[in-house]
Amino acid sequence: MARMKKTPRYMRQKEKPKDAVPKDGNKQQALTHQVLKIDKNGIIVVDEHGSLVRDQITEIYVWNKDHREAAKENKGVWTIAEADELVIFQNCRQNGAFQHWKNQTHKGWGVHVVGGTSTALTLGQDYQRKDVKVCKFVEGNKGLWHGYPINYRLEREDVICDTALFYWCNLLKIIDKSEIVDIKNKEESSLI
Amino acid sequence: MKIVIEGDFYDCQLYKDRLFLWDTWGNVLVADIRSDIYQSQRKYDHRMEYIYAGKSIERLVLGGARMKGGIYPMDSAFMGQHLYIANETGLYRRYIQEGKRLNDFWKGRSFKLFDAQIVSLDVSADRLMAMGSKDGVFEMYVQSQTAITKWRKPVEDKADGIYQVNRKQSKNVQYVDENILSTGDDGSLTMLVFHNKYAKGKDLVVRRNLERAENADVPALQEKRLMLTWEGYKSIPHLKETNEERWYVNRHFTIGEAIPLAGKPRRGMNARFGFVVETRKEEMIELSSGEIFRIPGPITKSRVLSGFGGKNNLLCVVLKDRVEITDFYKELTKKKTNK
């Protein structure tokens with residue numbers, strides 16, 4: 001008899017926790033869940049009924065402490081509430097204001113707009129401690145997002161993608177059409 | 001002649017007397033205005049005005065298509081039956097065929113040539129293209145069969161004929177008499193001088209930085225005697241007649257009086273009828289006769305186009321709710337009569 005090959009350790013499926021909810025046919029969206037607790041070991045995610053749903057989740061947003069009150073040097077700081085930060089991220093993902101890169105992690109861009117107004121409010125401070133109105137979302141590990149405020153004029157890599165500019169110009173109407181060229185050229189605009 | 005097209009557009013180009021309009025949703029529309037301008041076997045009349053609004057635009061447009069390379073491209077250029085589109089993700093190309101129908105135009109597929117954060121494009125008459133990017137100045141030669149100088153190494157093996165000329169980052173790139181002029185973010189100005197008989201494979205002669213210009217903040221230099229600074233638009237009178245390479249080495253420029261501008265200059269353009277400076281708040285045009293007039297309004301883009309006669313005598317300005325194309329045919333004829 002031919003011997004059955006052992007599956008290597010990294011390919012073996014981990015045992016599911018007992019509390020896990022069985023998978024449905026429909027994919028559940030990640031953003032409906034809340035991140036309740038963040039430990040050193042990992043992230044514990046609990047849905048509305050109080051059960052663990054980590055297996056079903058494709059994307060998780062984390063409020064990174066490095067960009068909060070006790071921020072490190074050379075890092076942007078949020079000055080808005082954590083709930084608002086999550087709303088900005090939701091708007092970014094729902095309206096496609098992010099960029100796909102082949103074989104790379106994704107980037108997203110967001111602005112803070114309250115109600116039906118057409119003005120962007122200040123989100124926080126960049127690493128030079130100046131008030132800014134644009135934030136950047138980064139996918140560190142796959143499916144694990146976090147964000148921080150940036151000054152788009154400082155860094156070379158921070159080129160705001162077209163889909164984000166399209167969303168801000170045509171739907172939110174916080175920037176003018178003529179400002180798109182200036183933002184891409186890293187010149188002054190109403191967002192700084 | 002003046003053509004006004006009402007609508008929400010982002011960019012405009014003219015290729016073989018057909019208008020290419022970029023709308024704000026990422027589509028490229030092809031509009032046929034040739035039949036209106038050459039009406040019923042009449043000659044081209046520069047006194048006419050054409051205003052297209054509402055349904056009359058739909059009558060013009062042959063059709064639209066989506067291009068690779070983003071919704072808002074940084075720059076675009078036509079060369080050798082190809083439409084080139086530059087963006088922060090790279091350089092894209094699409095084959096374009098002349099025809100009456102939409103399908104005739106968009107037969108080819110658009111594909112990426114190479115990766116770079118390209119900011120500006122410029123095309124010379126000899127099938128050369130200069131590209132300003134964050135990685136430096138690139139030059140592309142479309143007919144890659146001919147000899148190219150040895151010292152310039154190709155960037156990628158796949159993209160045949162793309163060469164890196166200068167590694168300094170550049171914002172605006174222009175061809176001036178077979179030379180490339182480029183300006184950087186830090187205010188530096190570079191000029192790359194070639195021999196005129198470029199196709200025969202002669203080496204590059206001089207390659208120096210023009211950082212010694214009196215004003216360090218130089219966004220664009222158009223002609224040898226014209227200079228743009230943050231303070232305004234100035235002229236350099238005595239550099240006009242020099243034809244040697246040495247004309248700028250160890251030499252300070254004497255800059256003339258500045259013409260004030262509203263806001264920072266985005267780019268400058270050199271045309272037959274004069275000199276154009278684009279800012280966000282206004283468009284300043286100095287005609288070759290010395291007259292200055294300004295187009296107010298938030299300006300998204302402006303271009304000097306060549307069409308209806310082959311010479312670059314058209315100025316296209318994309319405003320908030322319309323595109324204005326004005327002809328400076330009068331200005332050119334004025335010059336001839338004076339002589």
# chains A, B, ... in the order shown; residues from 1 in each chain; ligands from 1

call {"tool": "closest_atom_pairs", "arguments": {"of": "chain B", "to": "chain A", "cutoff": "7 Å", "atoms": "only C-alpha atoms", "output": "Markdown table"}}
result
| residue | atom | partner | partner_atom | distance |
| --- | --- | --- | --- | --- |
| B:Gly70 | CA | A:Asp162 | CA | 6.1 |
| B:Ile71 | CA | A:Asp162 | CA | 5.8 |
| B:Tyr72 | CA | A:Asp162 | CA | 6.2 |
| B:Arg280 | CA | A:Ser178 | CA | 6.8 |
| B:Pro298 | CA | A:Ser178 | CA | 6.0 |
| B:Ile299 | CA | A:Ser178 | CA | 5.5 |
| B:Thr300 | CA | A:Ser178 | CA | 4.0 |

call {"tool": "write_last_selection", "arguments": {"atoms": "all heavy atoms", "output": "PDB file, in the first residue's frame"}}
result
ATOM      1  N   GLY B  70      -5.687  55.798 -15.552  1.00  0.00           N
ATOM      2  CA  GLY B  70      -6.327  56.660 -14.585  1.00  0.00           C
ATOM      3  C   GLY B  70      -7.374  57.579 -15.178  1.00  0.00           C
ATOM      4  O   GLY B  70      -7.528  57.710 -16.386  1.00  0.00           O
ATOM      5  N   ILE B  71      -8.104  58.216 -14.276  1.00  0.00           N
ATOM      6  CA  ILE B  71      -9.193  59.109 -14.676  1.00  0.00           C
ATOM      7  C   ILE B  71      -8.625  60.470 -15.067  1.00  0.00           C
ATOM      8  O   ILE B  71      -9.056  61.083 -16.029  1.00  0.00           O
ATOM      9  CB  ILE B  71     -10.202  59.252 -13.526  1.00  0.00           C
ATOM     10  CG1 ILE B  71     -10.723  57.879 -13.104  1.00  0.00           C
ATOM     11  CG2 ILE B  71     -11.369  60.131 -13.940  1.00  0.00           C
ATOM     12  CD1 ILE B  71     -11.413  57.860 -11.772  1.00  0.00           C
ATOM     13  N   TYR B  72      -7.687  60.935 -14.280  1.00  0.00           N
ATOM     14  CA  TYR B  72      -7.112  62.255 -14.527  1.00  0.00           C
ATOM     15  C   TYR B  72      -5.633  62.104 -14.886  1.00  0.00           C
ATOM     16  O   TYR B  72      -4.775  62.110 -14.007  1.00  0.00           O
ATOM     17  CB  TYR B  72      -7.252  63.137 -13.281  1.00  0.00           C
ATOM     18  CG  TYR B  72      -8.643  63.208 -12.738  1.00  0.00           C
ATOM     19  CD1 TYR B  72      -8.953  62.646 -11.508  1.00  0.00           C
ATOM     20  CD2 TYR B  72      -9.650  63.841 -13.442  1.00  0.00           C
ATOM     21  CE1 TYR B  72     -10.237  62.716 -10.993  1.00  0.00           C
ATOM     22  CE2 TYR B  72     -10.937  63.905 -12.945  1.00  0.00           C
ATOM     23  CZ  TYR B  72     -11.222  63.338 -11.711  1.00  0.00           C
ATOM     24  OH  TYR B  72     -12.485  63.402 -11.221  1.00  0.00           O
ATOM     25  N   ARG B 280      -3.412  78.751 -11.697  1.00  0.00           N
ATOM     26  CA  ARG B 280      -4.757  78.231 -11.400  1.00  0.00           C
ATOM     27  C   ARG B 280      -5.821  79.319 -11.517  1.00  0.00           C
ATOM     28  O   ARG B 280      -6.945  79.066 -11.903  1.00  0.00           O
ATOM     29  CB  ARG B 280      -4.793  77.631  -9.999  1.00  0.00           C
ATOM     30  CG  ARG B 280      -5.905  76.629  -9.823  1.00  0.00           C
ATOM     31  CD  ARG B 280      -5.815  75.952  -8.501  1.00  0.00           C
ATOM     32  NE  ARG B 280      -6.445  76.731  -7.458  1.00  0.00           N
ATOM     33  CZ  ARG B 280      -6.277  76.519  -6.166  1.00  0.00           C
ATOM     34  NH1 ARG B 280      -5.492  75.560  -5.766  1.00  0.00           N
ATOM     35  NH2 ARG B 280      -6.865  77.261  -5.267  1.00  0.00           N
ATOM     36  N   PRO B 298     -10.945  79.807 -12.595  1.00  0.00           N
ATOM     37  CA  PRO B 298     -10.143  78.624 -12.227  1.00  0.00           C
ATOM     38  C   PRO B 298      -9.885  77.754 -13.448  1.00  0.00           C
ATOM     39  O   PRO B 298     -10.819  77.305 -14.115  1.00  0.00           O
ATOM     40  CB  PRO B 298     -11.030  77.898 -11.206  1.00  0.00           C
ATOM     41  CG  PRO B 298     -12.387  78.427 -11.401  1.00  0.00           C
ATOM     42  CD  PRO B 298     -12.257  79.806 -11.930  1.00  0.00           C
ATOM     43  N   ILE B 299      -8.620  77.555 -13.744  1.00  0.00           N
ATOM     44  CA  ILE B 299      -8.234  76.863 -14.980  1.00  0.00           C
ATOM     45  C   ILE B 299      -7.753  75.465 -14.646  1.00  0.00           C
ATOM     46  O   ILE B 299      -6.857  75.284 -13.817  1.00  0.00           O
ATOM     47  CB  ILE B 299      -7.158  77.681 -15.719  1.00  0.00           C
ATOM     48  CG1 ILE B 299      -7.821  78.902 -16.363  1.00  0.00           C
ATOM     49  CG2 ILE B 299      -6.474  76.849 -16.790  1.00  0.00           C
ATOM     50  CD1 ILE B 299      -6.897  79.999 -16.684  1.00  0.00           C
ATOM     51  N   THR B 300      -8.366  74.481 -15.282  1.00  0.00           N
ATOM     52  CA  THR B 300      -7.934  73.104 -15.039  1.00  0.00           C
ATOM     53  C   THR B 300      -6.711  72.766 -15.886  1.00  0.00           C
ATOM     54  O   THR B 300      -5.733  72.262 -15.367  1.00  0.00           O
ATOM     55  CB  THR B 300      -9.058  72.112 -15.354  1.00  0.00           C
ATOM     56  OG1 THR B 300      -9.660  72.500 -16.574  1.00  0.00           O
ATOM     57  CG2 THR B 300     -10.094  72.079 -14.276  1.00  0.00           C
TER      58      THR B 300
END

call {"tool": "select_by_dssp", "arguments": {"residues": "stretch 60-191 of chain A", "states": "strand (DSSP E)", "output": "list of chain:residue names"}}
result
A:Ile60, A:Tyr61, A:Val77, A:Trp78, A:Phe98, A:Gln99, A:Lys107, A:Gly108, A:Trp109, A:Gly110, A:Val111, A:Gly124, A:Gln125, A:Asp131, A:Val132, A:Val134, A:Cys135, A:Lys136, A:Phe137, A:Val138, A:Glu139, A:Leu144, A:Trp145, A:His146, A:Gly147, A:Tyr148, A:Pro149, A:Ile150

call {"tool": "residues_around", "arguments": {"residues": "B:Leu19", "least_positions_apart": "3", "cutoff": "6 Å", "atoms": "only C-alpha atoms", "output": "VMD selection string"}}
result
chain B and resid 13 to 14 30 to 31

call {"tool": "write_last_selection", "arguments": {"atoms": "C-alpha atoms", "output": "CSV table (one decimal), in the first residue's frame"}}
result
chain,number,residue,atom,x,y,z
B,13,GLN,CA,-6.3,67.6,-27.4
B,14,LEU,CA,-6.5,68.0,-31.2
B,30,VAL,CA,-13.8,62.0,-29.9
B,31,ALA,CA,-15.6,65.0,-31.4

call {"tool": "residues_around", "arguments": {"residues": "stretch 74-85 of chain A", "least_positions_apart": "3", "cutoff": "6 Å", "atoms": "only C-alpha atoms", "output": "number ranges by chain"}}
result
A: 67-68, 88, 123-127, 148-149

call {"tool": "residues_around", "arguments": {"residues": "B:Gln174", "least_positions_apart": "2", "cutoff": "8 Å", "atoms": "only C-alpha atoms", "output": "number ranges by chain"}}
result
B: 121-123, 130, 172, 176, 180-182, 222

call {"tool": "write_last_selection", "arguments": {"atoms": "all heavy atoms", "output": "PDB file, in the first residue's frame"}}
result
ATOM      1  N   LEU B 121       4.970  65.527 -20.418  1.00  0.00           N
ATOM      2  CA  LEU B 121       5.418  64.950 -21.684  1.00  0.00           C
ATOM      3  C   LEU B 121       5.648  66.079 -22.672  1.00  0.00           C
ATOM      4  O   LEU B 121       4.972  67.101 -22.615  1.00  0.00           O
ATOM      5  CB  LEU B 121       4.339  64.049 -22.282  1.00  0.00           C
ATOM      6  CG  LEU B 121       4.020  62.707 -21.680  1.00  0.00           C
ATOM      7  CD1 LEU B 121       2.892  62.081 -22.462  1.00  0.00           C
ATOM      8  CD2 LEU B 121       5.208  61.805 -21.721  1.00  0.00           C
ATOM      9  N   ASP B 122       6.575  65.861 -23.568  1.00  0.00           N
ATOM     10  CA  ASP B 122       6.685  66.777 -24.690  1.00  0.00           C
ATOM     11  C   ASP B 122       7.225  66.017 -25.899  1.00  0.00           C
ATOM     12  O   ASP B 122       8.037  65.105 -25.754  1.00  0.00           O
ATOM     13  CB  ASP B 122       7.581  67.962 -24.360  1.00  0.00           C
ATOM     14  CG  ASP B 122       7.381  69.068 -25.371  1.00  0.00           C
ATOM     15  OD1 ASP B 122       6.257  69.167 -25.901  1.00  0.00           O
ATOM     16  OD2 ASP B 122       8.317  69.806 -25.650  1.00  0.00           O
ATOM     17  N   VAL B 123       6.761  66.417 -27.075  1.00  0.00           N
ATOM     18  CA  VAL B 123       7.085  65.698 -28.292  1.00  0.00           C
ATOM     19  C   VAL B 123       7.797  66.639 -29.239  1.00  0.00           C
ATOM     20  O   VAL B 123       7.387  67.783 -29.425  1.00  0.00           O
ATOM     21  CB  VAL B 123       5.792  65.175 -28.945  1.00  0.00           C
ATOM     22  CG1 VAL B 123       6.106  64.437 -30.208  1.00  0.00           C
ATOM     23  CG2 VAL B 123       5.046  64.286 -27.998  1.00  0.00           C
ATOM     24  N   ALA B 130      10.156  63.511 -24.706  1.00  0.00           N
ATOM     25  CA  ALA B 130      10.822  63.741 -23.420  1.00  0.00           C
ATOM     26  C   ALA B 130       9.801  63.601 -22.312  1.00  0.00           C
ATOM     27  O   ALA B 130       8.667  64.058 -22.445  1.00  0.00           O
ATOM     28  CB  ALA B 130      11.440  65.125 -23.388  1.00  0.00           C
ATOM     29  N   ASN B 172       8.732  69.986 -15.209  1.00  0.00           N
ATOM     30  CA  ASN B 172       8.321  70.369 -16.555  1.00  0.00           C
ATOM     31  C   ASN B 172       9.434  70.000 -17.525  1.00  0.00           C
ATOM     32  O   ASN B 172      10.598  70.231 -17.245  1.00  0.00           O
ATOM     33  CB  ASN B 172       8.081  71.872 -16.648  1.00  0.00           C
ATOM     34  CG  ASN B 172       6.885  72.276 -15.854  1.00  0.00           C
ATOM     35  OD1 ASN B 172       5.854  71.637 -15.918  1.00  0.00           O
ATOM     36  ND2 ASN B 172       7.023  73.338 -15.093  1.00  0.00           N
ATOM     37  N   VAL B 176      13.270  72.418 -26.844  1.00  0.00           N
ATOM     38  CA  VAL B 176      13.525  73.705 -27.460  1.00  0.00           C
ATOM     39  C   VAL B 176      14.663  73.506 -28.443  1.00  0.00           C
ATOM     40  O   VAL B 176      15.819  73.326 -28.033  1.00  0.00           O
ATOM     41  CB  VAL B 176      13.906  74.769 -26.411  1.00  0.00           C
ATOM     42  CG1 VAL B 176      14.183  76.090 -27.078  1.00  0.00           C
ATOM     43  CG2 VAL B 176      12.807  74.927 -25.401  1.00  0.00           C
ATOM     44  N   ILE B 180      16.567  69.545 -24.559  1.00  0.00           N
ATOM     45  CA  ILE B 180      15.563  69.300 -23.528  1.00  0.00           C
ATOM     46  C   ILE B 180      15.808  70.255 -22.379  1.00  0.00           C
ATOM     47  O   ILE B 180      16.934  70.378 -21.881  1.00  0.00           O
ATOM     48  CB  ILE B 180      15.621  67.854 -22.996  1.00  0.00           C
ATOM     49  CG1 ILE B 180      15.486  66.861 -24.125  1.00  0.00           C
ATOM     50  CG2 ILE B 180      14.520  67.625 -21.988  1.00  0.00           C
ATOM     51  CD1 ILE B 180      15.649  65.435 -23.678  1.00  0.00           C
ATOM     52  N   LEU B 181      14.750  70.917 -21.967  1.00  0.00           N
ATOM     53  CA  LEU B 181      14.816  71.763 -20.782  1.00  0.00           C
ATOM     54  C   LEU B 181      13.953  71.132 -19.716  1.00  0.00           C
ATOM     55  O   LEU B 181      12.825  70.741 -19.982  1.00  0.00           O
ATOM     56  CB  LEU B 181      14.277  73.147 -21.099  1.00  0.00           C
ATOM     57  CG  LEU B 181      15.169  74.059 -21.902  1.00  0.00           C
ATOM     58  CD1 LEU B 181      14.394  75.268 -22.320  1.00  0.00           C
ATOM     59  CD2 LEU B 181      16.351  74.478 -21.069  1.00  0.00           C
ATOM     60  N   SER B 182      14.463  71.049 -18.507  1.00  0.00           N
ATOM     61  CA  SER B 182      13.638  70.485 -17.438  1.00  0.00           C
ATOM     62  C   SER B 182      13.850  71.266 -16.156  1.00  0.00           C
ATOM     63  O   SER B 182      14.931  71.790 -15.907  1.00  0.00           O
ATOM     64  CB  SER B 182      13.992  69.024 -17.215  1.00  0.00           C
ATOM     65  OG  SER B 182      15.227  68.923 -16.580  1.00  0.00           O
ATOM     66  N   GLN B 222      11.181  78.567 -21.205  1.00  0.00           N
ATOM     67  CA  GLN B 222      10.606  78.195 -22.486  1.00  0.00           C
ATOM     68  C   GLN B 222      11.583  78.372 -23.632  1.00  0.00           C
ATOM     69  O   GLN B 222      11.927  77.445 -24.317  1.00  0.00           O
ATOM     70  CB  GLN B 222       9.365  79.054 -22.745  1.00  0.00           C
ATOM     71  CG  GLN B 222       8.238  78.722 -21.833  1.00  0.00           C
ATOM     72  CD  GLN B 222       7.828  77.286 -21.980  1.00  0.00           C
ATOM     73  OE1 GLN B 222       7.740  76.782 -23.081  1.00  0.00           O
ATOM     74  NE2 GLN B 222       7.627  76.608 -20.879  1.00  0.00           N
TER      75      GLN B 222
END

call {"tool": "residues_around", "arguments": {"residues": "B:Ile292", "least_positions_apart": "2", "cutoff": "12 Å", "atoms": "only C-alpha atoms", "output": "ChimeraX atom specification"}}
result
/B:233,259-261,273-277,283-290,294-295

call {"tool": "select_by_dssp", "arguments": {"residues": "stretch 39-168 of chain A", "states": "alpha helix (DSSP H)", "output": "number ranges by chain"}}
result
A: 82-94, 162-166

call {"tool": "atom_distance", "arguments": {"atom1": "atom CA of A:Leu144", "atom2": "atom CA of A:Ile60"}}
result
5.0 Å

call {"tool": "atom_distance", "arguments": {"atom1": "atom CA of B:Tyr50", "atom2": "atom CA of B:Arg322"}}
result
12.7 Å
